[in-house]
Structures are given as structure tokens and as C-alpha cells.
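See below for the structure under consideration.
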Amino acid sequence: MESVEKEKAALISDIEADARLEAEAILKEAQDRATQKREQGQRQIESILNDARNQAQDQAQAVKRTVLSAAELEVKRRSMRARDLVMRQIMDRVEKRLSSLIGDADYRAVLIGWMTEAAVGLGAESAEVNASQTERPLIDDRMLSEVREKVHARTGSEVELTLSAAQPLPSQGVVLTAADGRTAFNNQVPTRMLRHQREIRKLIYDILFTDRERA
């Protein structure tokens, strides 16, 4: 009877030991899973933070590029406005300088050159010459004769030139109108400036800005 009781006690002790081992194993597995989940969670958190940092850096770079691009564009716009302003001022001064030359002795040659250019460009056999109020008194028969000679030397053609009876021109320079009134060649200063605007602007740009940009 005593041996039976001992066997029962030993069996119960083994069962209890197995139960403890099983409980410890279950607890350890649960702890391992919890640790693994914490590590996975931490990695997920780090991944999310890294993604957020990268996204923030990308957005910051994009904003920086946008700001720089806008700044460069504004600089170019202001530079172009400044250049246009300088060019307009220079061209205005050129017109004023030409106007101030009307009273000079050398201005006679300027008028002859403009009329010759207009006569050649017009290509008519006969034309009337008109000019501004201050220039018309300078145009005499001798000047018209010199223009005819220069036209003939350039083209081999004869042209008859007379002073127009029309109202004086509002701007400095000359206009030659064919005798039939159908065609005309405008050689007034504003028109000449406009006609040669591209060359004038390039000349001004090269002088004022090219060397500065290379420096």
C-alpha cells in the first residue's frame, strides 16, 4: 500500500514538473513573440520616420529648386527691363543728339546722305522731298543737285528731285514721295531707328553687357 502511494506521489510530481516546464515554455514563447513584435514595431517606426525624413528632404529640395528658379527668373526679368531701359535711354539720346546737329555745318552732308538713300530705295524717276520745319530751309537746289549726282553714281539712273509743297514733317529726317504719289521712302529719324533697331540694340548690348557678363 505504501509503494502505491509513493508511485502516485512520484507521478504527481512528474506531472507538476512537466506542467511547470510547459508553462515556462509557453511564457518564454510569449515573451519572445512580444520582443519580436516590439522589434518589428520599432523597425516599422524607424521606417516610417525615415520615409518622413526623406519625404521632408525631397519636399525641401523641391521648394528650394522652385525658389531658386523663381529668383533666377526674376533676376532675368529685372535684367531685361534694365537693359531695355538703358537701350531706350541711349536711343533717346541719339535722337536728341541728331536733332542738335541740325544747326551744324556738317549736317548738310547728313541730309544729302539720307536723301540719296531714300532716292535709291524709292527707285522713282521723279520725286518730291519733304523734311521737318527746321530742315526744309537747308534743302536748296544745290543740295538736290548733289543728291541727283550721288544717285546717278550709285545706280546709273537719273532722278528729278523737287522740294515738296506739303506741310513740313513732324519728325527730323526726310521723306521722298514718287511724283505719282503711289510710293514713298520714309527716312525720318524715328523710322530709321526702328528700321535699324536690331543692329542698334546688338551694338548697344555688345558694348554695355557682353564684357560685363564675361567678367
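A note on labels: chains of the C-alpha cells are A, B, ... as shown, every chain counts residues from 1, and ligands are counted from 1 in their shown order.
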Which residues are near range 147-157 of chain A? Cut-off 9 Å, only C-alpha atoms, ignore same chain within fewer than 3 positions. Put them as a count of residues only. 14
Using only C-alpha atoms, which protein or nucleic acid residues come within 10 Å of range 193-202 of chain A? Drop anything in the same chain fewer than 2 positions from it, and give the result as an MDAnalysis selection string. chainID A and resid 83:84 87:88 90:92 94:95 187:191 204:208
If I take CA of Ala179 in chain A and CA of Ala124 in chain A, how far is one from the other in Å, to one decimal? 7.9 Å
d(CA of Glu24 in chain A, CA of Glu5 in chain A) in Å: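 Going from CA of Glu24 in chain A over to CA of Glu5 in chain A covers 28.3 Å.
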Would you return as a PyMOL selection string the members of range 83-153 of chain A that DSSP assigns to strand (DSSP E) on this structure's backbone? chain A and resi 126-131
What are the DSSP helix (DSSP H, G or I) residues of range 136-178 of chain A, as an NGL selection string? :A and (136-138 or 141-155)
Dump of C-alpha atoms for the selected residues, as a CSV table (one decimal), in the first residue's frame:
```csv
chain,number,residue,atom,x,y,z
A,136,ARG,CA,13.4,122.4,-95.1
A,137,PRO,CA,15.4,125.7,-95.3
A,138,LEU,CA,18.6,123.8,-95.6
A,141,ASP,CA,18.8,123.4,-105.5
A,142,ARG,CA,22.5,122.8,-104.9
A,143,MET,CA,21.8,120.1,-102.3
A,144,LEU,CA,19.2,118.5,-104.6
A,145,SER,CA,21.7,118.6,-107.5
A,146,GLU,CA,24.3,116.8,-105.3
A,147,VAL,CA,21.8,114.1,-104.4
A,148,ARG,CA,21.0,113.5,-108.1
A,149,GLU,CA,24.7,113.1,-108.8
A,150,LYS,CA,25.2,110.6,-106.0
A,151,VAL,CA,22.1,108.6,-107.1
A,152,HIS,CA,23.4,108.5,-110.6
A,153,ALA,CA,26.9,107.4,-109.4
A,154,ARG,CA,25.3,104.6,-107.4
A,155,THR,CA,22.6,103.4,-109.8
```
Which of these residues is nearest to Trp114 in chain A, using only C-alpha atoms: A:Arg192, A:Lys28, A:Arg53, A:Arg33? A:Arg192
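With CA of Asp106 in chain A on one side and CA of Gly173 in chain A on the other, the separation reads 14.8 Å.
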